[in-house]
Structures are given as C-alpha cells and as structure tokens.
Amino acid sequence: MIQCNGLLIAFLFFFALQLSFQLVLDLLNISYLRRHSHAVPRPFQGVVDGKKFSKIASYTKDSTRFGIVARLFDQAVLLAILLSGLLPWLVDAIKGFGVGFIGGGLIFFALIAIFSQMLDIPFDLYSTFVIEQRHGFNTRTIGLWLSDWAKGMVISAILGGIVLVVLLVLVSYFEATWWILAWVIVSIFELVVLWLYPVLIAPLFNKFEPIADRELAQRIADLMERAGLVVKGVFQMDAGKRSKHTNAYFTGIGRTKRIVLFDTLIASHPEQEILSVLAHEAGHWKRKHVIKQLLLMEAISFAGLFIISVMLDWELLYRTFGFEEQIRYVGLLLAPIVLSPLIYFLRPLGSALSRKYEKEADDVAVSLMGTPEPVRDTLIRLSADNLANLTPHPIYAWFHYSHPPPVERIERLEAMREGDPRNVREQVSGS
Ligand SMILES: [Zn+2]
C-alpha cells in the first residue's frame, strides 16, 4: 500500500511545483512571442521578412504546445505508476521467477525501459512527421525512422545493460562502498564510449566523408593551425537525409577527435561563415570547455551517487511507495525519481555556465576570423534557417537557454565591431 506520509507529500509538492513552473514558463514565452510579433528585431531586419517572422512564431508555438502535451502525458503516467501500486506488484511477480537480485534487477529495469520506449513512439512520430514536416524541416522517410528506432533500441540496450549490470553487481557485493566503485567504473566506461562514439556509433546512423571541397578543406586546416588545434579530420555528414536543420559539432577525444559539418550547413552558408562556425567550435576546445564540462559532470555524478547511496538504505523511501522490503534495485529507480524535481530547479546554473562558454567561444571565433562580421552573419543565417525564436521571454531564456538568445548574441558581436580600433580610426579620419 502507498503511504501518505511526509515524504510523499513533500515529493508531490515539489512535483506539482515543477509541473506548474514549467507550464507557466512555456505560457509566458508564448505570450511574449505574441506581444512582440509586430516587429522583426533590428539585427534581423532585411534578412527575416514579415512572412518568415510569422513562420518562426508558428514553429515556436507548435513545438511549445507539443512539448507541453508530451510532458503532461509523461508526468501523468509516472504518477499513475508510482501511486497505483504497480511497481510493488511487478517486483513480487519478478520474485516468483526465482532469478535472484541481479537477474531480478535486470528484468525490472528492462521492463520499465521497454514500456517507456513504447510510450515515446507516438510522440516521436508526431514530432517528426507532423511538426517538423509542417514547418518544412523533415526529410526522413518512415523506413529510415524505423531503422533509426531499431538501432537506437539495440545500442541503448547494450550500453544501458552494461551500466546496469555493473551497478547491480556492486550494490549487491559492496554494501557501503558501491557508489565510489560505481563512479570510477561508470566514468571510465563513459570516457570509452565518448572515445568510440565517432568511429563506432555515429557511422551506424550517418555517412561521414572528408570535406569534398578541397579548397575549403585547406582553409579549414589553416584555421585549425592558427587556433593551435590538432584535429584528426574534418568530415561532412549526410544530415540532410533526416532534416533540413543546419549544424556542426566537435566530437570524440584523443585520437578520435574530429569536426563534423552537416551537409545542409555546407550547402547553405558561404565559405567565410562555414569557417566562422568552425572558429566558434575551435573556441570551445581552446578554452577547454569540453574538459571542464566533463569534470563538472563527473563531480555532479559523484555527489548524485553519494546521495542515492544514502537513500538506498532509507527504509521510508520503500515503504512510502508500497514496498514491504528494502530491495535495493528498486531504490536505484525510486531515489532519482524523488530527487528529479529538485534537480530540475538547478537547471539555470547549468544554462548560465553554458551561455558563458558560448560567449567565450564567440570571442575566440572573432579573434581567429580577425573581424566579428562573418561570425555575426553566420548567427543571423543559422537562426533564420532553423526558425529560432528571436524573441524568447527573458526568464525563459535565463532558465532554459544553453546559448545566449540570438539577438543578444548578435548585438554583443556588433558592439565588438564598434569597439574595433580599425573602425575608430576610420571614424576619426572620416570626420
Ligand atoms: Zn558553441
């Protein structure tokens, strides 16, 4: 039986707080968009016309509404599962199989994972074939969607399975120190996956070829040399077979470190802009953002595992959700669920740090390109092509945005141009 005690009330309170906060932020963002829909923000005037501006608004509204429905559905299902007594019933049924702690844990988590993957299917289909389709982004066929889905399932079963077996073995054999061992082993495993991802996992989904344009490839090599970066290769990826969105990214560590450009980005940007995108990415490496973010994640997972280890021995946690025994693999599921509303409210810290890194990478991009113009032009084109919301509510952006909002970012680059000593000289001689 579920117990109505202080822990349950506290959990439900924070759960409801998160839910209503998310909803209010989304609605604020939409109403802000509506109030600012009469005028294109200054840096975009001349690039984004009235028609495009209303396309942006309708894409933002559609995605937000869809996000609200998907999230409410997820949260309702989670609450129903937690409060219906389904989980204690499932654990009793698994006990009947006589498979022991590790086998029982594997079956328990596998069933939950399969159930949640199934629930995701209609939302994923709707997002791809209705929303992305309606706004002209989707290029994926249903066949490709199916093969992506199947591959994704197999890969997450293998990777998730390995991590789960490690956790279950450690939890059952090392009463007090399991979490430190788990932290060390899982961290090493994550590094191995990060190292292997570009050469083993990503090629399962996309084709990666050296940049076809030899001149562009040479300019990129020169840029990387100026940045002082040793990169194992610059590749173009056939992203256009899934979507018209444009992007570029750095991936891998050590010997697998590489730059990947979407073919859609190469097709729609002039060379100087492509170089600006890469100069920005190079900025992240030069300023060591990748390694800093990795270390921060490790610190967070260290703290998280410690808190979970304390909660695993907390009898009340099990009793609250209807379990008569303290089966520790159940604790591995309940503890993160109970903590998740609290973790949600820490999000602005991560967003603020990420925005700081983005500004630093922009600064490096400007110094590598020698002038802010191409960096600014790239941002304008990227935002317009991807229908980025040009007028997000400031609180929404503060909470969620990993990048400064486009207008703020562009104005910052323009201020740099004004502060450029060459421009000052021109103004003086012109006056
Ligand atoms: Zn960036």
# chains A, B, ... in the order shown; residues from 1 in each chain; ligands from 1
$ residues_near_ligand --ligand "ligand 1" --cutoff "9 Å" --atoms "only C-alpha atoms and all ligand atoms" --output "PyMOL selection string"
chain A and resi 249+277+280-281+283-284+354-355+357-362+402-403
$ select_by_dssp --residues "stretch 79-242 of chain A" --states "helix (DSSP H, G or I)" --output "compact mmCIF listing (two decimals) with N, CA, C and O atoms, in the first residue's frame"
# COMPACT_ATOMS: atom_id res chain seq x y z
N LEU A 79 3.20 9.45 -12.42
CA LEU A 79 2.44 9.50 -11.16
C LEU A 79 1.53 8.27 -11.02
O LEU A 79 1.45 7.66 -9.95
N ALA A 80 0.88 7.90 -12.13
CA ALA A 80 -0.02 6.74 -12.09
C ALA A 80 0.76 5.49 -11.70
O ALA A 80 0.30 4.69 -10.88
N ILE A 81 1.94 5.32 -12.28
CA ILE A 81 2.75 4.13 -11.97
C ILE A 81 3.17 4.14 -10.50
O ILE A 81 3.08 3.12 -9.81
N LEU A 82 3.60 5.31 -10.03
CA LEU A 82 4.10 5.38 -8.65
C LEU A 82 2.99 5.17 -7.63
O LEU A 82 3.19 4.53 -6.60
N LEU A 83 1.80 5.74 -7.91
CA LEU A 83 0.76 5.76 -6.88
C LEU A 83 -0.23 4.59 -6.99
O LEU A 83 -1.04 4.39 -6.10
N SER A 84 -0.14 3.83 -8.10
CA SER A 84 -1.13 2.76 -8.28
C SER A 84 -0.73 1.45 -7.59
O SER A 84 -1.54 0.53 -7.51
N LEU A 86 1.57 -0.43 -8.87
CA LEU A 86 2.01 -1.31 -9.96
C LEU A 86 3.44 -1.83 -9.73
O LEU A 86 3.73 -3.01 -9.98
N LEU A 87 4.31 -0.97 -9.23
CA LEU A 87 5.71 -1.37 -9.06
C LEU A 87 5.88 -2.48 -8.01
O LEU A 87 6.56 -3.47 -8.28
N PRO A 88 5.26 -2.34 -6.81
CA PRO A 88 5.39 -3.45 -5.84
C PRO A 88 4.84 -4.76 -6.41
O PRO A 88 5.41 -5.83 -6.21
N TRP A 89 3.75 -4.66 -7.18
CA TRP A 89 3.17 -5.85 -7.79
C TRP A 89 4.17 -6.49 -8.77
O TRP A 89 4.39 -7.70 -8.77
N LEU A 90 4.83 -5.63 -9.57
CA LEU A 90 5.81 -6.11 -10.55
C LEU A 90 6.97 -6.81 -9.85
O LEU A 90 7.42 -7.89 -10.26
N VAL A 91 7.46 -6.20 -8.78
CA VAL A 91 8.60 -6.78 -8.05
C VAL A 91 8.21 -8.14 -7.46
O VAL A 91 9.00 -9.09 -7.50
N ASP A 92 6.99 -8.27 -6.94
CA ASP A 92 6.52 -9.56 -6.41
C ASP A 92 6.48 -10.61 -7.52
O ASP A 92 6.89 -11.75 -7.33
N ALA A 93 5.98 -10.18 -8.70
CA ALA A 93 5.90 -11.11 -9.82
C ALA A 93 7.30 -11.58 -10.23
O ALA A 93 7.52 -12.76 -10.48
N ILE A 94 8.26 -10.62 -10.26
CA ILE A 94 9.63 -10.98 -10.66
C ILE A 94 10.23 -11.95 -9.64
O ILE A 94 10.95 -12.89 -10.00
N LYS A 95 9.91 -11.72 -8.34
CA LYS A 95 10.44 -12.60 -7.29
C LYS A 95 10.02 -14.05 -7.55
O LYS A 95 10.76 -14.99 -7.28
N GLY A 100 16.97 -14.26 -8.54
CA GLY A 100 17.98 -13.61 -7.70
C GLY A 100 17.99 -12.09 -7.88
O GLY A 100 17.22 -11.54 -8.68
N PHE A 101 18.91 -11.42 -7.15
CA PHE A 101 18.93 -9.96 -7.12
C PHE A 101 19.33 -9.35 -8.47
O PHE A 101 18.63 -8.47 -9.00
N ILE A 102 20.44 -9.83 -9.05
CA ILE A 102 20.93 -9.22 -10.29
C ILE A 102 19.97 -9.50 -11.45
O ILE A 102 19.59 -8.58 -12.19
N GLY A 103 19.54 -10.75 -11.57
CA GLY A 103 18.57 -11.11 -12.62
C GLY A 103 17.27 -10.34 -12.44
O GLY A 103 16.71 -9.81 -13.41
N GLY A 104 16.81 -10.24 -11.21
CA GLY A 104 15.56 -9.52 -10.92
C GLY A 104 15.68 -8.05 -11.30
O GLY A 104 14.78 -7.47 -11.92
N GLY A 105 16.83 -7.44 -10.94
CA GLY A 105 17.06 -6.02 -11.26
C GLY A 105 17.07 -5.80 -12.76
O GLY A 105 16.49 -4.83 -13.26
N LEU A 106 17.72 -6.72 -13.48
CA LEU A 106 17.79 -6.57 -14.94
C LEU A 106 16.39 -6.64 -15.56
O LEU A 106 16.05 -5.82 -16.42
N ILE A 107 15.59 -7.62 -15.10
CA ILE A 107 14.22 -7.74 -15.66
C ILE A 107 13.39 -6.50 -15.31
O ILE A 107 12.70 -5.93 -16.16
N PHE A 108 13.50 -6.06 -14.07
CA PHE A 108 12.75 -4.89 -13.59
C PHE A 108 13.04 -3.66 -14.47
O PHE A 108 12.13 -3.04 -15.02
N PHE A 109 14.34 -3.34 -14.64
CA PHE A 109 14.69 -2.15 -15.41
C PHE A 109 14.40 -2.34 -16.91
O PHE A 109 14.01 -1.40 -17.59
N ALA A 110 14.57 -3.58 -17.41
CA ALA A 110 14.31 -3.82 -18.83
C ALA A 110 12.83 -3.58 -19.13
O ALA A 110 12.49 -2.91 -20.11
N LEU A 111 11.95 -4.08 -18.25
CA LEU A 111 10.51 -3.89 -18.49
C LEU A 111 10.14 -2.41 -18.46
O LEU A 111 9.38 -1.93 -19.31
N ILE A 112 10.70 -1.68 -17.48
CA ILE A 112 10.39 -0.25 -17.39
C ILE A 112 10.90 0.49 -18.62
O ILE A 112 10.20 1.34 -19.20
N ALA A 113 12.13 0.13 -19.07
CA ALA A 113 12.71 0.81 -20.23
C ALA A 113 11.87 0.52 -21.48
O ALA A 113 11.58 1.44 -22.26
N ILE A 114 11.47 -0.73 -21.67
CA ILE A 114 10.67 -1.09 -22.86
C ILE A 114 9.34 -0.34 -22.84
O ILE A 114 8.92 0.26 -23.83
N PHE A 115 8.70 -0.31 -21.66
CA PHE A 115 7.42 0.38 -21.52
C PHE A 115 7.57 1.87 -21.88
O PHE A 115 6.78 2.43 -22.65
N SER A 116 8.63 2.51 -21.36
CA SER A 116 8.74 3.95 -21.60
C SER A 116 9.12 4.22 -23.06
O SER A 116 8.68 5.22 -23.65
N GLN A 117 9.91 3.31 -23.67
CA GLN A 117 10.24 3.47 -25.10
C GLN A 117 8.97 3.38 -25.96
O GLN A 117 8.79 4.13 -26.91
N MET A 118 8.07 2.44 -25.60
CA MET A 118 6.83 2.27 -26.36
C MET A 118 5.96 3.52 -26.26
O MET A 118 5.38 3.97 -27.24
N LEU A 119 5.90 4.07 -25.04
CA LEU A 119 5.09 5.28 -24.86
C LEU A 119 5.62 6.45 -25.68
O LEU A 119 4.86 7.32 -26.10
N ASP A 120 6.95 6.46 -25.89
CA ASP A 120 7.56 7.57 -26.63
C ASP A 120 7.25 7.53 -28.12
O ASP A 120 7.29 8.57 -28.79
N ILE A 121 6.96 6.33 -28.65
CA ILE A 121 6.82 6.18 -30.10
C ILE A 121 5.83 7.17 -30.74
O ILE A 121 6.21 7.90 -31.65
N PRO A 122 4.57 7.23 -30.26
CA PRO A 122 3.65 8.15 -30.94
C PRO A 122 4.12 9.61 -30.88
O PRO A 122 3.92 10.36 -31.85
N PHE A 123 4.78 10.00 -29.79
CA PHE A 123 5.24 11.39 -29.67
C PHE A 123 6.38 11.66 -30.64
O PHE A 123 6.45 12.71 -31.27
N ASP A 124 7.28 10.68 -30.77
CA ASP A 124 8.39 10.83 -31.70
C ASP A 124 7.88 10.92 -33.13
O ASP A 124 8.31 11.78 -33.92
N LEU A 125 6.92 10.05 -33.47
CA LEU A 125 6.34 10.07 -34.81
C LEU A 125 5.66 11.41 -35.09
O LEU A 125 5.83 12.01 -36.15
N TYR A 126 4.89 11.90 -34.11
CA TYR A 126 4.16 13.16 -34.30
C TYR A 126 5.15 14.32 -34.49
O TYR A 126 4.97 15.16 -35.37
N SER A 127 6.18 14.33 -33.65
CA SER A 127 7.14 15.42 -33.73
C SER A 127 7.84 15.43 -35.09
O SER A 127 8.02 16.47 -35.72
N THR A 128 8.21 14.23 -35.59
CA THR A 128 8.94 14.15 -36.86
C THR A 128 8.02 14.38 -38.06
O THR A 128 8.30 15.21 -38.92
N PHE A 129 6.91 13.62 -38.10
CA PHE A 129 6.11 13.60 -39.33
C PHE A 129 4.95 14.59 -39.34
O PHE A 129 4.27 14.73 -40.35
N VAL A 130 4.70 15.26 -38.23
CA VAL A 130 3.68 16.31 -38.24
C VAL A 130 4.34 17.67 -38.04
O VAL A 130 4.30 18.52 -38.92
N ILE A 131 5.01 17.87 -36.90
CA ILE A 131 5.52 19.21 -36.62
C ILE A 131 6.70 19.58 -37.53
O ILE A 131 6.66 20.60 -38.23
N GLU A 132 7.73 18.75 -37.56
CA GLU A 132 8.90 19.06 -38.40
C GLU A 132 8.50 19.08 -39.88
O GLU A 132 9.01 19.88 -40.66
N GLN A 133 7.56 18.21 -40.24
CA GLN A 133 7.08 18.14 -41.62
C GLN A 133 6.35 19.43 -42.01
O GLN A 133 6.62 20.03 -43.04
N ARG A 134 5.44 19.85 -41.12
CA ARG A 134 4.61 21.02 -41.39
C ARG A 134 5.48 22.26 -41.60
O ARG A 134 5.16 23.14 -42.38
N ILE A 142 9.60 7.01 -43.44
CA ILE A 142 9.17 6.17 -42.33
C ILE A 142 10.13 4.97 -42.18
O ILE A 142 10.43 4.52 -41.07
N GLY A 143 10.68 4.50 -43.32
CA GLY A 143 11.65 3.39 -43.28
C GLY A 143 12.89 3.78 -42.50
O GLY A 143 13.39 3.02 -41.67
N LEU A 144 13.38 5.00 -42.75
CA LEU A 144 14.57 5.47 -42.03
C LEU A 144 14.26 5.66 -40.55
O LEU A 144 15.07 5.33 -39.68
N TRP A 145 13.05 6.17 -40.28
CA TRP A 145 12.65 6.35 -38.87
C TRP A 145 12.69 5.00 -38.15
O TRP A 145 13.22 4.89 -37.05
N LEU A 146 12.12 3.98 -38.80
CA LEU A 146 12.08 2.64 -38.20
C LEU A 146 13.49 2.09 -37.95
O LEU A 146 13.76 1.54 -36.88
N SER A 147 14.37 2.26 -38.95
CA SER A 147 15.71 1.69 -38.76
C SER A 147 16.46 2.48 -37.69
O SER A 147 17.19 1.90 -36.89
N ASP A 148 16.27 3.81 -37.63
CA ASP A 148 16.88 4.61 -36.54
C ASP A 148 16.40 4.11 -35.18
O ASP A 148 17.17 3.96 -34.24
N TRP A 149 15.09 3.87 -35.11
CA TRP A 149 14.50 3.47 -33.84
C TRP A 149 15.06 2.11 -33.39
O TRP A 149 15.47 1.95 -32.25
N ALA A 150 15.12 1.16 -34.35
CA ALA A 150 15.61 -0.18 -34.01
C ALA A 150 17.07 -0.12 -33.58
O ALA A 150 17.47 -0.71 -32.55
N LYS A 151 17.90 0.63 -34.32
CA LYS A 151 19.32 0.74 -33.95
C LYS A 151 19.47 1.39 -32.58
O LYS A 151 20.26 0.95 -31.75
N GLY A 152 18.67 2.44 -32.37
CA GLY A 152 18.72 3.14 -31.08
C GLY A 152 18.39 2.21 -29.92
O GLY A 152 19.05 2.23 -28.88
N MET A 153 17.37 1.37 -30.13
CA MET A 153 16.98 0.42 -29.08
C MET A 153 18.12 -0.55 -28.76
O MET A 153 18.42 -0.81 -27.61
N VAL A 154 18.74 -1.10 -29.82
CA VAL A 154 19.82 -2.07 -29.61
C VAL A 154 21.00 -1.41 -28.88
O VAL A 154 21.53 -1.95 -27.89
N ILE A 155 21.37 -0.20 -29.33
CA ILE A 155 22.52 0.47 -28.71
C ILE A 155 22.23 0.81 -27.26
O ILE A 155 23.05 0.57 -26.37
N SER A 156 21.02 1.33 -26.98
CA SER A 156 20.76 1.67 -25.57
C SER A 156 20.63 0.41 -24.71
O SER A 156 20.99 0.44 -23.53
N ALA A 157 20.15 -0.69 -25.32
CA ALA A 157 20.07 -1.93 -24.53
C ALA A 157 21.48 -2.40 -24.17
O ALA A 157 21.74 -2.80 -23.02
N ILE A 158 22.42 -2.30 -25.12
CA ILE A 158 23.79 -2.75 -24.84
C ILE A 158 24.47 -1.83 -23.83
O ILE A 158 24.95 -2.28 -22.78
N LEU A 159 24.46 -0.51 -24.12
CA LEU A 159 25.17 0.42 -23.23
C LEU A 159 24.50 0.48 -21.85
O LEU A 159 25.16 0.40 -20.81
N GLY A 160 23.15 0.62 -21.86
CA GLY A 160 22.42 0.68 -20.60
C GLY A 160 22.57 -0.62 -19.82
O GLY A 160 22.71 -0.62 -18.60
N GLY A 161 22.55 -1.75 -20.56
CA GLY A 161 22.69 -3.05 -19.92
C GLY A 161 24.02 -3.19 -19.19
O GLY A 161 24.08 -3.67 -18.06
N ILE A 162 25.10 -2.73 -19.85
CA ILE A 162 26.43 -2.83 -19.23
C ILE A 162 26.46 -2.02 -17.92
O ILE A 162 26.87 -2.52 -16.87
N VAL A 163 25.98 -0.76 -18.00
CA VAL A 163 26.00 0.09 -16.80
C VAL A 163 25.14 -0.53 -15.69
O VAL A 163 25.54 -0.56 -14.51
N LEU A 164 23.99 -1.05 -16.07
CA LEU A 164 23.07 -1.63 -15.09
C LEU A 164 23.69 -2.85 -14.39
O LEU A 164 23.61 -2.99 -13.17
N VAL A 165 24.32 -3.74 -15.17
CA VAL A 165 24.94 -4.93 -14.58
C VAL A 165 26.03 -4.49 -13.58
O VAL A 165 26.10 -5.01 -12.46
N VAL A 166 26.85 -3.51 -13.99
CA VAL A 166 27.90 -3.01 -13.09
C VAL A 166 27.28 -2.53 -11.78
O VAL A 166 27.71 -2.90 -10.68
N LEU A 167 26.23 -1.69 -11.90
CA LEU A 167 25.59 -1.13 -10.70
C LEU A 167 25.03 -2.24 -9.81
O LEU A 167 25.24 -2.25 -8.60
N LEU A 168 24.31 -3.19 -10.43
CA LEU A 168 23.65 -4.24 -9.65
C LEU A 168 24.69 -5.12 -8.93
O LEU A 168 24.51 -5.47 -7.76
N VAL A 169 25.77 -5.47 -9.65
CA VAL A 169 26.81 -6.31 -9.03
C VAL A 169 27.42 -5.56 -7.85
O VAL A 169 27.57 -6.10 -6.75
N LEU A 170 27.77 -4.27 -8.07
CA LEU A 170 28.42 -3.51 -7.00
C LEU A 170 27.48 -3.34 -5.80
O LEU A 170 27.89 -3.50 -4.65
N VAL A 171 26.21 -3.00 -6.08
CA VAL A 171 25.25 -2.79 -5.00
C VAL A 171 25.07 -4.07 -4.18
O VAL A 171 24.94 -4.02 -2.96
N SER A 172 25.13 -5.23 -4.87
CA SER A 172 24.86 -6.44 -4.10
C SER A 172 26.11 -6.95 -3.37
O SER A 172 25.99 -7.64 -2.37
N TYR A 173 27.32 -6.60 -3.86
CA TYR A 173 28.52 -7.13 -3.20
C TYR A 173 29.23 -6.13 -2.29
O TYR A 173 30.02 -6.52 -1.44
N TRP A 178 29.86 0.76 -2.62
CA TRP A 178 29.47 0.50 -4.01
C TRP A 178 29.46 1.77 -4.87
O TRP A 178 29.85 1.75 -6.04
N TRP A 179 29.04 2.88 -4.26
CA TRP A 179 28.84 4.10 -5.08
C TRP A 179 30.16 4.70 -5.56
O TRP A 179 30.23 5.24 -6.66
N ILE A 180 31.23 4.56 -4.73
CA ILE A 180 32.53 5.08 -5.17
C ILE A 180 33.06 4.21 -6.32
O ILE A 180 33.52 4.73 -7.35
N LEU A 181 32.95 2.90 -6.15
CA LEU A 181 33.38 1.99 -7.21
C LEU A 181 32.56 2.23 -8.48
O LEU A 181 33.10 2.27 -9.58
N ALA A 182 31.25 2.40 -8.31
CA ALA A 182 30.37 2.63 -9.46
C ALA A 182 30.79 3.91 -10.18
O ALA A 182 30.85 3.96 -11.41
N TRP A 183 31.10 4.93 -9.41
CA TRP A 183 31.51 6.21 -10.00
C TRP A 183 32.76 6.04 -10.85
O TRP A 183 32.83 6.52 -11.99
N VAL A 184 33.75 5.32 -10.31
CA VAL A 184 35.01 5.12 -11.04
C VAL A 184 34.75 4.31 -12.32
O VAL A 184 35.14 4.73 -13.42
N ILE A 185 34.05 3.19 -12.18
CA ILE A 185 33.86 2.30 -13.34
C ILE A 185 33.00 2.97 -14.41
O ILE A 185 33.32 2.95 -15.60
N VAL A 186 31.89 3.59 -13.98
CA VAL A 186 30.99 4.22 -14.96
C VAL A 186 31.68 5.41 -15.64
O VAL A 186 31.52 5.62 -16.85
N SER A 187 32.50 6.17 -14.90
CA SER A 187 33.22 7.29 -15.51
C SER A 187 34.16 6.79 -16.59
O SER A 187 34.23 7.36 -17.68
N ILE A 188 34.90 5.71 -16.30
CA ILE A 188 35.83 5.16 -17.30
C ILE A 188 35.04 4.66 -18.51
O ILE A 188 35.40 4.92 -19.66
N PHE A 189 33.92 4.00 -18.23
CA PHE A 189 33.08 3.49 -19.32
C PHE A 189 32.59 4.64 -20.21
O PHE A 189 32.60 4.56 -21.44
N GLU A 190 32.17 5.76 -19.57
CA GLU A 190 31.68 6.91 -20.34
C GLU A 190 32.78 7.47 -21.24
O GLU A 190 32.53 7.85 -22.38
N LEU A 191 34.01 7.52 -20.70
CA LEU A 191 35.14 8.03 -21.50
C LEU A 191 35.38 7.12 -22.70
O LEU A 191 35.63 7.60 -23.81
N VAL A 192 35.28 5.81 -22.49
CA VAL A 192 35.48 4.86 -23.59
C VAL A 192 34.40 5.07 -24.65
O VAL A 192 34.69 5.12 -25.85
N VAL A 193 33.15 5.26 -24.20
CA VAL A 193 32.05 5.47 -25.16
C VAL A 193 32.27 6.78 -25.94
O VAL A 193 32.10 6.84 -27.15
N LEU A 194 32.70 7.82 -25.22
CA LEU A 194 32.97 9.12 -25.84
C LEU A 194 34.07 8.99 -26.90
O LEU A 194 34.01 9.60 -27.98
N TRP A 195 35.05 8.16 -26.60
CA TRP A 195 36.19 7.94 -27.49
C TRP A 195 35.74 7.14 -28.72
O TRP A 195 36.12 7.43 -29.85
N LEU A 196 34.89 6.13 -28.50
CA LEU A 196 34.48 5.24 -29.58
C LEU A 196 33.32 5.80 -30.40
O LEU A 196 33.12 5.39 -31.54
N TYR A 197 32.55 6.74 -29.81
CA TYR A 197 31.33 7.22 -30.47
C TYR A 197 31.53 7.63 -31.94
O TYR A 197 30.83 7.14 -32.82
N PRO A 198 32.52 8.50 -32.24
CA PRO A 198 32.64 8.95 -33.64
C PRO A 198 33.00 7.84 -34.62
O PRO A 198 32.65 7.91 -35.78
N VAL A 199 33.70 6.81 -34.15
CA VAL A 199 34.15 5.78 -35.09
C VAL A 199 33.27 4.52 -35.07
O VAL A 199 33.29 3.73 -35.99
N LEU A 200 32.51 4.35 -33.98
CA LEU A 200 31.74 3.11 -33.86
C LEU A 200 30.23 3.33 -33.91
O LEU A 200 29.51 2.59 -34.57
N ILE A 201 29.74 4.36 -33.19
CA ILE A 201 28.28 4.51 -33.08
C ILE A 201 27.72 5.46 -34.14
O ILE A 201 26.80 5.09 -34.87
N ALA A 202 28.31 6.66 -34.26
CA ALA A 202 27.78 7.63 -35.23
C ALA A 202 27.71 7.08 -36.66
O ALA A 202 26.72 7.32 -37.36
N PRO A 203 28.72 6.29 -37.13
CA PRO A 203 28.63 5.77 -38.50
C PRO A 203 27.48 4.78 -38.73
O PRO A 203 27.16 4.48 -39.87
N LEU A 204 26.87 4.29 -37.65
CA LEU A 204 25.71 3.42 -37.82
C LEU A 204 24.52 4.22 -38.34
O LEU A 204 23.59 3.67 -38.93
N PHE A 205 24.52 5.53 -38.09
CA PHE A 205 23.38 6.37 -38.45
C PHE A 205 23.65 7.26 -39.67
O PHE A 205 22.74 7.64 -40.37
N ARG A 214 38.07 20.64 -51.81
CA ARG A 214 39.46 20.61 -51.35
C ARG A 214 39.94 21.97 -50.85
O ARG A 214 40.69 22.07 -49.89
N GLU A 215 39.49 23.05 -51.55
CA GLU A 215 39.92 24.40 -51.13
C GLU A 215 39.40 24.73 -49.74
O GLU A 215 40.13 25.23 -48.89
N LEU A 216 38.13 24.38 -49.54
CA LEU A 216 37.53 24.63 -48.22
C LEU A 216 38.28 23.81 -47.16
O LEU A 216 38.61 24.32 -46.09
N ALA A 217 38.58 22.55 -47.50
CA ALA A 217 39.28 21.69 -46.54
C ALA A 217 40.63 22.31 -46.16
O ALA A 217 41.03 22.30 -44.99
N GLN A 218 41.32 22.90 -47.17
CA GLN A 218 42.62 23.53 -46.90
C GLN A 218 42.45 24.75 -45.99
O GLN A 218 43.21 24.94 -45.04
N ARG A 219 41.41 25.56 -46.26
CA ARG A 219 41.19 26.75 -45.43
C ARG A 219 40.87 26.34 -43.99
O ARG A 219 41.26 27.01 -43.04
N ILE A 220 40.13 25.24 -43.86
CA ILE A 220 39.79 24.74 -42.52
C ILE A 220 41.07 24.29 -41.80
O ILE A 220 41.29 24.62 -40.64
N ALA A 221 41.93 23.57 -42.55
CA ALA A 221 43.19 23.12 -41.95
C ALA A 221 44.02 24.33 -41.49
O ALA A 221 44.59 24.32 -40.39
N ASP A 222 44.06 25.39 -42.31
CA ASP A 222 44.81 26.60 -41.94
C ASP A 222 44.23 27.23 -40.68
O ASP A 222 44.96 27.65 -39.78
N LEU A 223 42.88 27.29 -40.64
CA LEU A 223 42.21 27.88 -39.48
C LEU A 223 42.56 27.12 -38.20
O LEU A 223 42.89 27.71 -37.17
N MET A 224 42.52 25.78 -38.29
CA MET A 224 42.81 24.97 -37.12
C MET A 224 44.27 25.15 -36.68
O MET A 224 44.58 25.14 -35.50
N GLU A 225 45.14 25.34 -37.66
CA GLU A 225 46.54 25.56 -37.33
C GLU A 225 46.70 26.90 -36.59
O GLU A 225 47.40 26.98 -35.58
N ARG A 226 45.98 27.93 -37.11
CA ARG A 226 46.01 29.23 -36.43
C ARG A 226 45.50 29.11 -35.00
O ARG A 226 45.96 29.76 -34.10
N ALA A 227 44.48 28.24 -34.83
CA ALA A 227 43.89 28.06 -33.49
C ALA A 227 44.79 27.18 -32.61
O ALA A 227 44.57 27.08 -31.42
N ALA A 239 23.52 14.75 -43.07
CA ALA A 239 22.41 15.07 -42.17
C ALA A 239 21.12 15.33 -42.93
O ALA A 239 20.02 15.16 -42.40
N GLY A 240 21.26 15.76 -44.20
CA GLY A 240 20.10 16.13 -44.99
C GLY A 240 19.11 15.00 -45.24
O GLY A 240 17.99 15.25 -45.65
N LYS A 241 19.52 13.74 -44.96
CA LYS A 241 18.57 12.66 -45.18
C LYS A 241 17.54 12.56 -44.04
O LYS A 241 16.59 11.81 -44.13
$ closest_residue --among "A:Ala70, A:Val364, A:Leu275, A:Leu305" --to "A:Arg287" --atoms "only C-alpha atoms"
A:Val364
$ select_by_dssp --residues "stretch 221-275 of chain A" --states "strand (DSSP E or B)" --output "PyMOL selection string"
chain A and resi 234-237+243+248-251+258-262
$ write_last_selection --atoms "C-alpha atoms" --output "PDB file, in the first residue's frame"
ATOM      1  CA  VAL A 234      37.097  17.362 -40.789  1.00  0.00           C
ATOM      2  CA  PHE A 235      34.116  15.426 -42.050  1.00  0.00           C
ATOM      3  CA  GLN A 236      30.856  16.207 -43.740  1.00  0.00           C
ATOM      4  CA  MET A 237      27.850  14.233 -42.624  1.00  0.00           C
ATOM      5  CA  SER A 243      16.235  17.034 -41.654  1.00  0.00           C
ATOM      6  CA  ALA A 248      28.236  21.495 -36.909  1.00  0.00           C
ATOM      7  CA  TYR A 249      29.971  19.882 -33.950  1.00  0.00           C
ATOM      8  CA  PHE A 250      33.220  18.652 -32.452  1.00  0.00           C
ATOM      9  CA  THR A 251      33.229  15.061 -31.260  1.00  0.00           C
ATOM     10  CA  ARG A 258      37.139  15.356 -35.192  1.00  0.00           C
ATOM     11  CA  ILE A 259      34.962  18.135 -36.588  1.00  0.00           C
ATOM     12  CA  VAL A 260      31.680  17.263 -38.237  1.00  0.00           C
ATOM     13  CA  LEU A 261      29.806  19.636 -40.563  1.00  0.00           C
ATOM     14  CA  PHE A 262      26.226  18.944 -41.651  1.00  0.00           C
TER      15      PHE A 262
END
$ closest_residue --among "A:Phe208, A:Phe15, A:Tyr59, A:Tyr318" --to "A:Ile30" --atoms "only C-alpha atoms"
A:Tyr59
